[in-house]
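Here is protein-v9.pdb, consisting of PDB, C-alpha atoms, pLDDT in the B column:
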ATOM      1  CA  MET K   1     102.071  94.607 101.544  1.00 51.00           C
ATOM      2  CA  SER K   2      99.583  92.175 103.105  1.00 79.00           C
ATOM      3  CA  ILE K   3      96.616  91.970 100.757  1.00 88.00           C
ATOM      4  CA  ARG K   4      95.299  89.179 102.951  1.00 92.00           C
ATOM      5  CA  HIS K   5      95.065  91.349 106.048  1.00 92.00           C
ATOM      6  CA  GLY K   6      93.931  94.385 104.088  1.00 90.00           C
ATOM      7  CA  LEU K   7      90.909  92.458 102.807  1.00 93.00           C
ATOM      8  CA  LEU K   8      90.136  91.159 106.295  1.00 93.00           C
ATOM      9  CA  ALA K   9      90.175  94.743 107.591  1.00 93.00           C
ATOM     10  CA  LEU K  10      87.770  95.829 104.857  1.00 92.00           C
ATOM     11  CA  LEU K  11      85.460  92.876 105.510  1.00 94.00           C
ATOM     12  CA  GLU K  12      85.329  93.843 109.182  1.00 93.00           C
ATOM     13  CA  ARG K  13      83.212  96.796 107.980  1.00 91.00           C
ATOM     14  CA  GLY K  14      80.671  94.394 106.480  1.00 93.00           C
ATOM     15  CA  PRO K  15      80.217  91.778 103.723  1.00 95.00           C
ATOM     16  CA  SER K  16      81.520  92.728 100.273  1.00 94.00           C
ATOM     17  CA  HIS K  17      82.327  91.131  96.946  1.00 93.00           C
ATOM     18  CA  GLY K  18      85.661  91.402  95.160  1.00 92.00           C
ATOM     19  CA  TYR K  19      84.951  94.500  93.073  1.00 92.00           C
ATOM     20  CA  GLN K  20      83.741  96.413  96.138  1.00 93.00           C
ATOM     21  CA  LEU K  21      86.802  95.347  98.107  1.00 94.00           C
ATOM     22  CA  ARG K  22      89.147  96.497  95.362  1.00 93.00           C
ATOM     23  CA  ALA K  23      87.414  99.888  95.184  1.00 91.00           C
ATOM     24  CA  GLU K  24      87.500 100.320  98.971  1.00 90.00           C
ATOM     25  CA  PHE K  25      91.180  99.332  99.148  1.00 88.00           C
ATOM     26  CA  ASP K  26      92.070 101.806  96.385  1.00 85.00           C
ATOM     27  CA  ALA K  27      90.043 104.537  98.105  1.00 83.00           C
ATOM     28  CA  ALA K  28      91.827 103.975 101.435  1.00 81.00           C
ATOM     29  CA  THR K  29      95.307 104.029  99.902  1.00 79.00           C
ATOM     30  CA  GLY K  30      94.786 106.564  97.102  1.00 75.00           C
ATOM     31  CA  GLU K  31      95.562 103.813  94.561  1.00 73.00           C
ATOM     32  CA  THR K  32      99.174 103.873  95.706  1.00 76.00           C
ATOM     33  CA  TRP K  33      99.290 100.062  95.604  1.00 78.00           C
ATOM     34  CA  PRO K  34      96.507  99.224  93.134  1.00 80.00           C
ATOM     35  CA  LEU K  35      94.998  95.753  93.240  1.00 85.00           C
ATOM     36  CA  ASN K  36      93.525  93.912  90.318  1.00 88.00           C
ATOM     37  CA  VAL K  37      90.345  91.921  90.748  1.00 89.00           C
ATOM     38  CA  GLY K  38      92.204  88.677  90.089  1.00 91.00           C
ATOM     39  CA  GLN K  39      94.451  89.313  93.118  1.00 90.00           C
ATOM     40  CA  VAL K  40      91.423  90.072  95.255  1.00 94.00           C
ATOM     41  CA  TYR K  41      89.505  86.920  94.325  1.00 93.00           C
ATOM     42  CA  THR K  42      92.579  84.688  94.579  1.00 94.00           C
ATOM     43  CA  THR K  43      93.199  86.041  98.076  1.00 95.00           C
ATOM     44  CA  LEU K  44      89.530  85.602  99.026  1.00 95.00           C
ATOM     45  CA  ASP K  45      89.694  81.968  97.892  1.00 95.00           C
ATOM     46  CA  ARG K  46      92.708  81.402 100.163  1.00 96.00           C
ATOM     47  CA  LEU K  47      91.052  83.193 103.067  1.00 96.00           C
ATOM     48  CA  ALA K  48      87.955  81.020 102.630  1.00 96.00           C
ATOM     49  CA  ARG K  49      90.111  77.883 102.460  1.00 96.00           C
ATOM     50  CA  ASP K  50      91.764  78.918 105.741  1.00 96.00           C
ATOM     51  CA  GLY K  51      88.419  79.594 107.420  1.00 97.00           C
ATOM     52  CA  LEU K  52      89.041  83.339 107.791  1.00 97.00           C
ATOM     53  CA  VAL K  53      86.154  84.412 105.539  1.00 97.00           C
ATOM     54  CA  ALA K  54      82.970  82.710 104.376  1.00 96.00           C
ATOM     55  CA  GLN K  55      80.525  83.214 101.543  1.00 93.00           C
ATOM     56  CA  ASP K  56      77.702  85.551 102.571  1.00 91.00           C
ATOM     57  CA  GLY K  57      74.513  84.300 100.939  1.00 84.00           C
ATOM     58  CA  ASP K  58      73.984  83.386  97.303  1.00 84.00           C
ATOM     59  CA  PRO K  59      75.653  85.081  94.307  1.00 83.00           C
ATOM     60  CA  ASP K  60      73.953  88.293  93.201  1.00 82.00           C
ATOM     61  CA  SER K  61      72.231  88.778  89.830  1.00 82.00           C
ATOM     62  CA  ASP K  62      75.634  89.386  88.217  1.00 82.00           C
ATOM     63  CA  GLY K  63      77.022  86.164  89.688  1.00 83.00           C
ATOM     64  CA  ARG K  64      79.238  87.987  92.209  1.00 87.00           C
ATOM     65  CA  ILE K  65      79.813  86.341  95.572  1.00 90.00           C
ATOM     66  CA  ALA K  66      79.933  88.458  98.732  1.00 94.00           C
ATOM     67  CA  TYR K  67      82.172  87.373 101.599  1.00 96.00           C
ATOM     68  CA  ARG K  68      82.048  88.047 105.329  1.00 96.00           C
ATOM     69  CA  ILE K  69      84.779  87.789 107.929  1.00 96.00           C
ATOM     70  CA  THR K  70      84.570  84.840 110.370  1.00 97.00           C
ATOM     71  CA  ASP K  71      85.448  84.788 114.068  1.00 97.00           C
ATOM     72  CA  GLU K  72      88.752  83.133 113.137  1.00 97.00           C
ATOM     73  CA  GLY K  73      89.313  85.928 110.626  1.00 95.00           C
ATOM     74  CA  ARG K  74      88.727  88.534 113.349  1.00 95.00           C
ATOM     75  CA  ARG K  75      91.293  86.831 115.572  1.00 95.00           C
ATOM     76  CA  GLU K  76      93.773  86.875 112.663  1.00 93.00           C
ATOM     77  CA  LEU K  77      93.043  90.559 112.003  1.00 92.00           C
ATOM     78  CA  THR K  78      93.468  91.475 115.687  1.00 92.00           C
ATOM     79  CA  SER K  79      96.800  89.652 115.736  1.00 91.00           C
ATOM     80  CA  TRP K  80      97.940  91.619 112.657  1.00 89.00           C
ATOM     81  CA  PHE K  81      96.957  94.979 114.123  1.00 89.00           C
ATOM     82  CA  THR K  82      98.662  94.221 117.457  1.00 84.00           C
ATOM     83  CA  SER K  83     101.924  92.875 115.969  1.00 83.00           C
ATOM     84  CA  PRO K  84     104.781  94.978 114.546  1.00 78.00           C
ATOM     85  CA  VAL K  85     105.688  94.807 110.873  1.00 74.00           C
ATOM     86  CA  THR K  86     109.111  93.174 110.605  1.00 72.00           C
ATOM     87  CA  ARG K  87     111.632  94.296 108.002  1.00 67.00           C
ATOM     88  CA  HIS K  88     113.714  91.114 107.647  1.00 66.00           C
ATOM     89  CA  GLY K  89     111.298  89.841 105.031  1.00 55.00           C
ATOM     90  CA  ALA K  90     111.139  93.131 103.135  1.00 55.00           C
ATOM     91  CA  PRO K  91     111.360  92.939  99.343  1.00 61.00           C
ATOM     92  CA  ARG K  92     114.708  93.696  97.703  1.00 68.00           C
ATOM     93  CA  ASP K  93     115.343  97.394  97.180  1.00 78.00           C
ATOM     94  CA  GLU K  94     116.194  97.891  93.513  1.00 82.00           C
ATOM     95  CA  LEU K  95     117.872 101.264  94.075  1.00 90.00           C
ATOM     96  CA  ALA K  96     120.212  99.940  96.783  1.00 88.00           C
ATOM     97  CA  ILE K  97     121.120  96.967  94.591  1.00 83.00           C
ATOM     98  CA  LYS K  98     121.639  99.252  91.569  1.00 89.00           C
ATOM     99  CA  LEU K  99     124.082 101.506  93.433  1.00 89.00           C
ATOM    100  CA  ALA K 100     125.897  98.580  95.033  1.00 86.00           C
ATOM    101  CA  LEU K 101     126.480  97.135  91.566  1.00 85.00           C
ATOM    102  CA  ALA K 102     127.263 100.518  90.006  1.00 89.00           C
ATOM    103  CA  VAL K 103     130.226 101.108  92.344  1.00 86.00           C
ATOM    104  CA  SER K 104     131.683  97.734  91.443  1.00 80.00           C
ATOM    105  CA  THR K 105     131.021  97.759  87.673  1.00 84.00           C
ATOM    106  CA  PRO K 106     133.820  99.237  85.533  1.00 81.00           C
ATOM    107  CA  GLY K 107     132.892 102.219  83.396  1.00 85.00           C
ATOM    108  CA  VAL K 108     129.791 103.247  85.334  1.00 86.00           C
ATOM    109  CA  ASP K 109     129.560 106.913  86.309  1.00 90.00           C
ATOM    110  CA  VAL K 110     128.186 106.352  89.800  1.00 91.00           C
ATOM    111  CA  VAL K 111     127.752 110.061  90.559  1.00 91.00           C
ATOM    112  CA  SER K 112     125.625 110.403  87.433  1.00 92.00           C
ATOM    113  CA  VAL K 113     123.512 107.439  88.528  1.00 93.00           C
ATOM    114  CA  VAL K 114     123.003 109.081  91.928  1.00 94.00           C
ATOM    115  CA  GLN K 115     122.183 112.499  90.466  1.00 94.00           C
ATOM    116  CA  THR K 116     119.695 111.042  87.972  1.00 94.00           C
ATOM    117  CA  GLN K 117     117.906 109.237  90.778  1.00 94.00           C
ATOM    118  CA  ARG K 118     117.969 112.310  93.028  1.00 95.00           C
ATOM    119  CA  ALA K 119     116.312 114.423  90.323  1.00 94.00           C
ATOM    120  CA  ALA K 120     113.581 111.801  89.859  1.00 94.00           C
ATOM    121  CA  THR K 121     113.025 111.482  93.605  1.00 95.00           C
ATOM    122  CA  MET K 122     112.822 115.268  93.996  1.00 95.00           C
ATOM    123  CA  THR K 123     110.193 115.418  91.253  1.00 94.00           C
ATOM    124  CA  SER K 124     108.236 112.705  93.052  1.00 92.00           C
ATOM    125  CA  LEU K 125     108.630 114.538  96.368  1.00 93.00           C
ATOM    126  CA  GLN K 126     107.248 117.744  94.898  1.00 94.00           C
ATOM    127  CA  GLU K 127     104.227 115.899  93.496  1.00 92.00           C
ATOM    128  CA  LEU K 128     103.639 114.148  96.824  1.00 91.00           C
ATOM    129  CA  THR K 129     103.807 117.515  98.586  1.00 91.00           C
ATOM    130  CA  ARG K 130     101.134 118.869  96.255  1.00 89.00           C
ATOM    131  CA  LEU K 131      98.944 115.839  96.946  1.00 87.00           C
ATOM    132  CA  LYS K 132      99.523 116.163 100.684  1.00 87.00           C
ATOM    133  CA  THR K 133      98.418 119.801 100.670  1.00 85.00           C
ATOM    134  CA  ARG K 134      95.169 118.779  99.035  1.00 82.00           C
ATOM    135  CA  ALA K 135      94.620 115.740 101.284  1.00 80.00           C
ATOM    136  CA  ASP K 136      95.183 117.814 104.424  1.00 79.00           C
ATOM    137  CA  GLY K 137      92.379 120.112 103.280  1.00 75.00           C
ATOM    138  CA  ASP K 138      89.928 117.187 103.470  1.00 75.00           C
ATOM    139  CA  PRO K 139      89.492 116.112 107.119  1.00 71.00           C
ATOM    140  CA  GLY K 140      87.602 112.999 105.990  1.00 71.00           C
ATOM    141  CA  ASP K 141      90.590 111.722 104.016  1.00 78.00           C
ATOM    142  CA  LEU K 142      92.812 110.655 106.931  1.00 84.00           C
ATOM    143  CA  ALA K 143      93.672 107.204 105.501  1.00 85.00           C
ATOM    144  CA  TRP K 144      95.045 108.649 102.236  1.00 83.00           C
ATOM    145  CA  SER K 145      96.803 111.444 104.137  1.00 86.00           C
ATOM    146  CA  LEU K 146      98.654 108.918 106.321  1.00 89.00           C
ATOM    147  CA  VAL K 147      99.758 106.975 103.231  1.00 89.00           C
ATOM    148  CA  LEU K 148     101.050 110.231 101.747  1.00 90.00           C
ATOM    149  CA  ASP K 149     102.965 110.979 104.961  1.00 93.00           C
ATOM    150  CA  HIS K 150     104.701 107.617 104.612  1.00 92.00           C
ATOM    151  CA  LEU K 151     105.607 108.231 100.965  1.00 92.00           C
ATOM    152  CA  LEU K 152     106.856 111.758 101.732  1.00 94.00           C
ATOM    153  CA  PHE K 153     109.081 110.631 104.599  1.00 95.00           C
ATOM    154  CA  ARG K 154     110.447 107.797 102.460  1.00 93.00           C
ATOM    155  CA  ALA K 155     111.243 110.168  99.578  1.00 94.00           C
ATOM    156  CA  GLU K 156     112.966 112.625 101.933  1.00 96.00           C
ATOM    157  CA  ALA K 157     115.004 109.787 103.457  1.00 95.00           C
ATOM    158  CA  GLU K 158     115.955 108.554  99.977  1.00 94.00           C
ATOM    159  CA  ILE K 159     117.267 112.011  99.034  1.00 95.00           C
ATOM    160  CA  ARG K 160     119.353 112.167 102.216  1.00 96.00           C
ATOM    161  CA  TRP K 161     120.708 108.686 101.508  1.00 95.00           C
ATOM    162  CA  LEU K 162     121.576 109.625  97.909  1.00 95.00           C
ATOM    163  CA  ASP K 163     123.456 112.712  99.169  1.00 95.00           C
ATOM    164  CA  HIS K 164     125.352 110.439 101.555  1.00 95.00           C
ATOM    165  CA  CYS K 165     126.152 107.971  98.734  1.00 93.00           C
ATOM    166  CA  GLU K 166     127.449 110.745  96.496  1.00 93.00           C
ATOM    167  CA  THR K 167     129.732 112.064  99.235  1.00 93.00           C
ATOM    168  CA  ARG K 168     131.116 108.593  99.945  1.00 93.00           C
ATOM    169  CA  VAL K 169     131.730 107.916  96.246  1.00 90.00           C
ATOM    170  CA  ALA K 170     133.647 111.209  95.968  1.00 89.00           C
ATOM    171  CA  ARG K 171     135.750 110.370  99.045  1.00 89.00           C
ATOM    172  CA  ALA K 172     136.522 106.894  97.726  1.00 87.00           C
ATOM    173  CA  ALA K 173     137.633 108.410  94.414  1.00 84.00           C
ATOM    174  CA  ALA K 174     139.889 110.888  96.255  1.00 86.00           C
ATOM    175  CA  ARG K 175     141.506 108.076  98.253  1.00 86.00           C
ATOM    176  CA  ARG K 176     142.286 106.253  95.016  1.00 82.00           C
ATOM    177  CA  GLY K 177     143.919 109.413  93.682  1.00 81.00           C
ATOM    178  CA  GLU K 178     141.219 110.008  91.111  1.00 69.00           C
ATOM    179  CA  THR K 179     139.651 113.396  90.493  1.00 59.00           C
ATOM    180  CA  PRO K 180     136.443 113.286  92.488  1.00 47.00           C
ATOM    181  CA  LEU K 181     133.377 114.845  90.940  1.00 46.00           C
ATOM    182  CA  THR K 182     131.933 117.665  92.985  1.00 43.00           C
ATOM    183  CA  PRO K 183     128.661 116.513  94.520  1.00 42.00           C
ATOM    184  CA  ALA K 184     125.670 118.520  93.437  1.00 43.00           C
ATOM    185  CA  PRO K 185     124.189 120.656  96.196  1.00 46.00           C
ATOM    186  CA  ALA K 186     121.480 118.878  98.147  1.00 44.00           C
ATOM    187  CA  PRO K 187     118.023 119.867  96.979  1.00 45.00           C
ATOM    188  CA  ALA K 188     116.016 121.878  99.481  1.00 46.00           C
ATOM    189  CA  VAL K 189     113.212 119.541 100.465  1.00 44.00           C
ATOM    190  CA  ALA K 190     111.263 122.378 102.043  1.00 41.00           C
ATOM    191  CA  GLU K 191     111.024 124.088  98.658  1.00 41.00           C
ATOM    192  CA  ALA K 192     108.775 121.371  97.241  1.00 41.00           C
ATOM    193  CA  VAL K 193     105.827 123.120  95.670  1.00 36.00           C
ATOM    194  CA  PRO K 194     102.340 122.390  97.080  1.00 35.00           C
ATOM    195  CA  ALA K 195      98.858 121.500  95.013  1.00 35.00           C
ATOM    196  CA  GLY K 196      97.081 118.025  93.063  1.00 37.00           C
ATOM    197  CA  LYS K 197      96.075 114.468  93.825  1.00 42.00           C
ATOM    198  CA  ARG K 198      97.163 111.406  91.934  1.00 43.00           C
ATOM    199  CA  GLY K 199      95.160 108.250  92.022  1.00 44.00           C
ATOM    200  CA  ARG K 200      91.878 109.873  93.099  1.00 44.00           C
ATOM    201  CA  ARG K 201      90.289 110.516  89.730  1.00 36.00           C
TER     202      ARG K 201
END
Take the structure in the file and give it back as structure tokens.
Amino acid sequence: MSIRHGLLALLERGPSHGYQLRAEFDAATGETWPLNVGQVYTTLDRLARDGLVAQDGDPDSDGRIAYRITDEGRRELTSWFTSPVTRHGAPRDELAIKLALAVSTPGVDVVSVVQTQRAATMTSLQELTRLKTRADGDPGDLAWSLVLDHLLFRAEAEIRWLDHCETRVARAAARRGETPLTPAPAPAVAEAVPAGKRGRR
């Protein structure tokens, strides 16, 4: 997640101080990736150092400094919006690493690991579906709705991948002459129950 570019996008709307920026970021993303004020001000300091933002007037009565985006910052923001997000620098996926190690660690019940994760992901998917139903009822909440779409598609893909992993583990066990565990039936994604909204208290 690029906090740097996220703050530039928010400052394109007008000057703001750190607390306002944090609130606006959380509102746009439904607090899916919450920021703390320390992260915001550290990033603002770096943006100012790089000439992408500048202080906007004097500190207010509470000592808070507002920042505005500079022309160089706008060029940086335009470049971000017009460039694809690359995946080669993506953070490590803990679940993929966990399963890769589970299949090669003696004594680990890999099918149980998969089924435990599938149950948790299904629970998350059902909650996301409830949130999505509510977000879709608010036409002014497009930003949060798009974030929810992303999280829903990712959860659905994770369930499909877990089903695939379980099938492959069972086949590998059969090839070794072991008694393969019968994979649990794939959960019906369409049955996720609609209604709620996390992060928008």
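With only C-alpha atoms as the basis for measurement, K:Leu8 is the residue among K:Ile97, K:Ala174, K:Ala155, K:Leu8 that approaches Arg46 (chain K) most closely.
Close contacts of Arg13 (chain K), defined as residues with an atom at most 12 Å away when counting only C-alpha atoms, with chain neighbours fewer than 6 positions off set aside, comprise K:Gly6, K:Leu7, K:Gln20, K:Leu21, K:Glu24, K:Tyr67, K:Arg68, K:Ile69, K:Arg74.
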Have a look at K:Leu44, K:Ala9, K:Leu52, K:Cys165 and name the one nearest to Trp80 (chain K); count all atoms listed in the file.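 Looking only at the distances to Trp80 (chain K), the closest residue turns out to be K:Ala9.
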Give as an mmCIF file with C-alpha atoms, in the coordinates of the input each residue that has an atom at most 8 Å from (96.0, 97.1, 96.1) in the file, counting only C-alpha atoms.
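Contents of point.cif, as written:
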data_model
loop_
_atom_site.group_PDB
_atom_site.id
_atom_site.type_symbol
_atom_site.label_atom_id
_atom_site.label_comp_id
_atom_site.auth_asym_id
_atom_site.auth_seq_id
_atom_site.Cartn_x
_atom_site.Cartn_y
_atom_site.Cartn_z
ATOM 1 C CA ILE K 3 96.616 91.970 100.757
ATOM 2 C CA ARG K 22 89.147 96.497 95.362
ATOM 3 C CA PHE K 25 91.180 99.332 99.148
ATOM 4 C CA ASP K 26 92.070 101.806 96.385
ATOM 5 C CA THR K 29 95.307 104.029 99.902
ATOM 6 C CA GLU K 31 95.562 103.813 94.561
ATOM 7 C CA THR K 32 99.174 103.873 95.706
ATOM 8 C CA TRP K 33 99.290 100.062 95.604
ATOM 9 C CA PRO K 34 96.507 99.224 93.134
ATOM 10 C CA LEU K 35 94.998 95.753 93.240
ATOM 11 C CA ASN K 36 93.525 93.912 90.318
#
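Using all atoms listed in the file, the nearest neighbour of Leu11 (chain K) within the list K:Pro106, K:Gly73, K:Pro84, K:Pro139 is K:Gly73.
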Expand the PyMOL selection byres ((chain K and resi 98-100) around 12) into the individual residues it matches in the shown file, reporting them as a PyMOL selection string. chain K and resi 92-97+101-105+108-117+161-162+165-166+168-169
May I ask for the distance between CA of Trp144 (chain K) and CA of Ala28 (chain K), given in Å to one decimal place? 5.7 Å
Using the chain letters and numbers from the file, which residues does the PyMOL selection byres ((chain K and resi 153) around 12) grab, as an mmCIF file with C-alpha atoms, in the coordinates of the input?
data_model
loop_
_atom_site.group_PDB
_atom_site.id
_atom_site.type_symbol
_atom_site.label_atom_id
_atom_site.label_comp_id
_atom_site.auth_asym_id
_atom_site.auth_seq_id
_atom_site.Cartn_x
_atom_site.Cartn_y
_atom_site.Cartn_z
ATOM 1 C CA THR K 121 113.025 111.482 93.605
ATOM 2 C CA SER K 124 108.236 112.705 93.052
ATOM 3 C CA LEU K 125 108.630 114.538 96.368
ATOM 4 C CA LEU K 128 103.639 114.148 96.824
ATOM 5 C CA THR K 129 103.807 117.515 98.586
ATOM 6 C CA LYS K 132 99.523 116.163 100.684
ATOM 7 C CA LEU K 146 98.654 108.918 106.321
ATOM 8 C CA VAL K 147 99.758 106.975 103.231
ATOM 9 C CA LEU K 148 101.050 110.231 101.747
ATOM 10 C CA ASP K 149 102.965 110.979 104.961
ATOM 11 C CA HIS K 150 104.701 107.617 104.612
ATOM 12 C CA LEU K 151 105.607 108.231 100.965
ATOM 13 C CA LEU K 152 106.856 111.758 101.732
ATOM 14 C CA ARG K 154 110.447 107.797 102.460
ATOM 15 C CA ALA K 155 111.243 110.168 99.578
ATOM 16 C CA GLU K 156 112.966 112.625 101.933
ATOM 17 C CA ALA K 157 115.004 109.787 103.457
ATOM 18 C CA GLU K 158 115.955 108.554 99.977
ATOM 19 C CA ILE K 159 117.267 112.011 99.034
ATOM 20 C CA ARG K 160 119.353 112.167 102.216
ATOM 21 C CA VAL K 189 113.212 119.541 100.465
#
Given all atoms listed in the file as the counted atoms, nearest of K:Asp50, K:Phe81, K:Thr86, K:Tyr41 to Ala66 (chain K):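 Nearest candidate to Ala66 (chain K) out of K:Asp50, K:Phe81, K:Thr86, K:Tyr41: K:Tyr41.
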Between CA of Gly18 (chain K) and CA of Ile65 (chain K), what is the distance, to one decimal in Å? 7.7 Å
Enter the distance from CA of Gly30 (chain K) to CA of Asp141 (chain K), in Å, rounded to one decimal.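 Computing the Euclidean distance for CA of Gly30 (chain K) and CA of Asp141 (chain K) yields 9.6 Å.
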Grab region 30-50 of chain K from that structure and dump C-alpha atoms to a file, as a PDB file, in the first residue's frame.
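Saved result, selection-v2.pdb, follows:
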ATOM      1  CA  GLY K  30     -13.548   1.856   5.364  1.00  0.00           C
ATOM      2  CA  GLU K  31     -10.613   1.564   7.798  1.00  0.00           C
ATOM      3  CA  THR K  32      -9.500  -1.563   5.970  1.00  0.00           C
ATOM      4  CA  TRP K  33      -5.869  -0.416   6.178  1.00  0.00           C
ATOM      5  CA  PRO K  34      -5.927   1.949   9.170  1.00  0.00           C
ATOM      6  CA  LEU K  35      -3.165   4.522   9.478  1.00  0.00           C
ATOM      7  CA  ASN K  36      -1.826   5.925  12.693  1.00  0.00           C
ATOM      8  CA  VAL K  37      -1.028   9.608  12.958  1.00  0.00           C
ATOM      9  CA  GLY K  38       2.670   8.848  13.353  1.00  0.00           C
ATOM     10  CA  GLN K  39       2.721   7.155   9.925  1.00  0.00           C
ATOM     11  CA  VAL K  40       0.922  10.110   8.393  1.00  0.00           C
ATOM     12  CA  TYR K  41       3.281  12.750   9.786  1.00  0.00           C
ATOM     13  CA  THR K  42       6.403  10.711   9.015  1.00  0.00           C
ATOM     14  CA  THR K  43       5.218  10.369   5.420  1.00  0.00           C
ATOM     15  CA  LEU K  44       4.373  14.084   5.218  1.00  0.00           C
ATOM     16  CA  ASP K  45       7.889  14.926   6.422  1.00  0.00           C
ATOM     17  CA  ARG K  46       9.353  12.778   3.628  1.00  0.00           C
ATOM     18  CA  LEU K  47       7.015  14.273   1.042  1.00  0.00           C
ATOM     19  CA  ALA K  48       8.041  17.770   2.148  1.00  0.00           C
ATOM     20  CA  ARG K  49      11.722  16.797   2.003  1.00  0.00           C
ATOM     21  CA  ASP K  50      11.190  15.566  -1.571  1.00  0.00           C
TER      22      ASP K  50
END
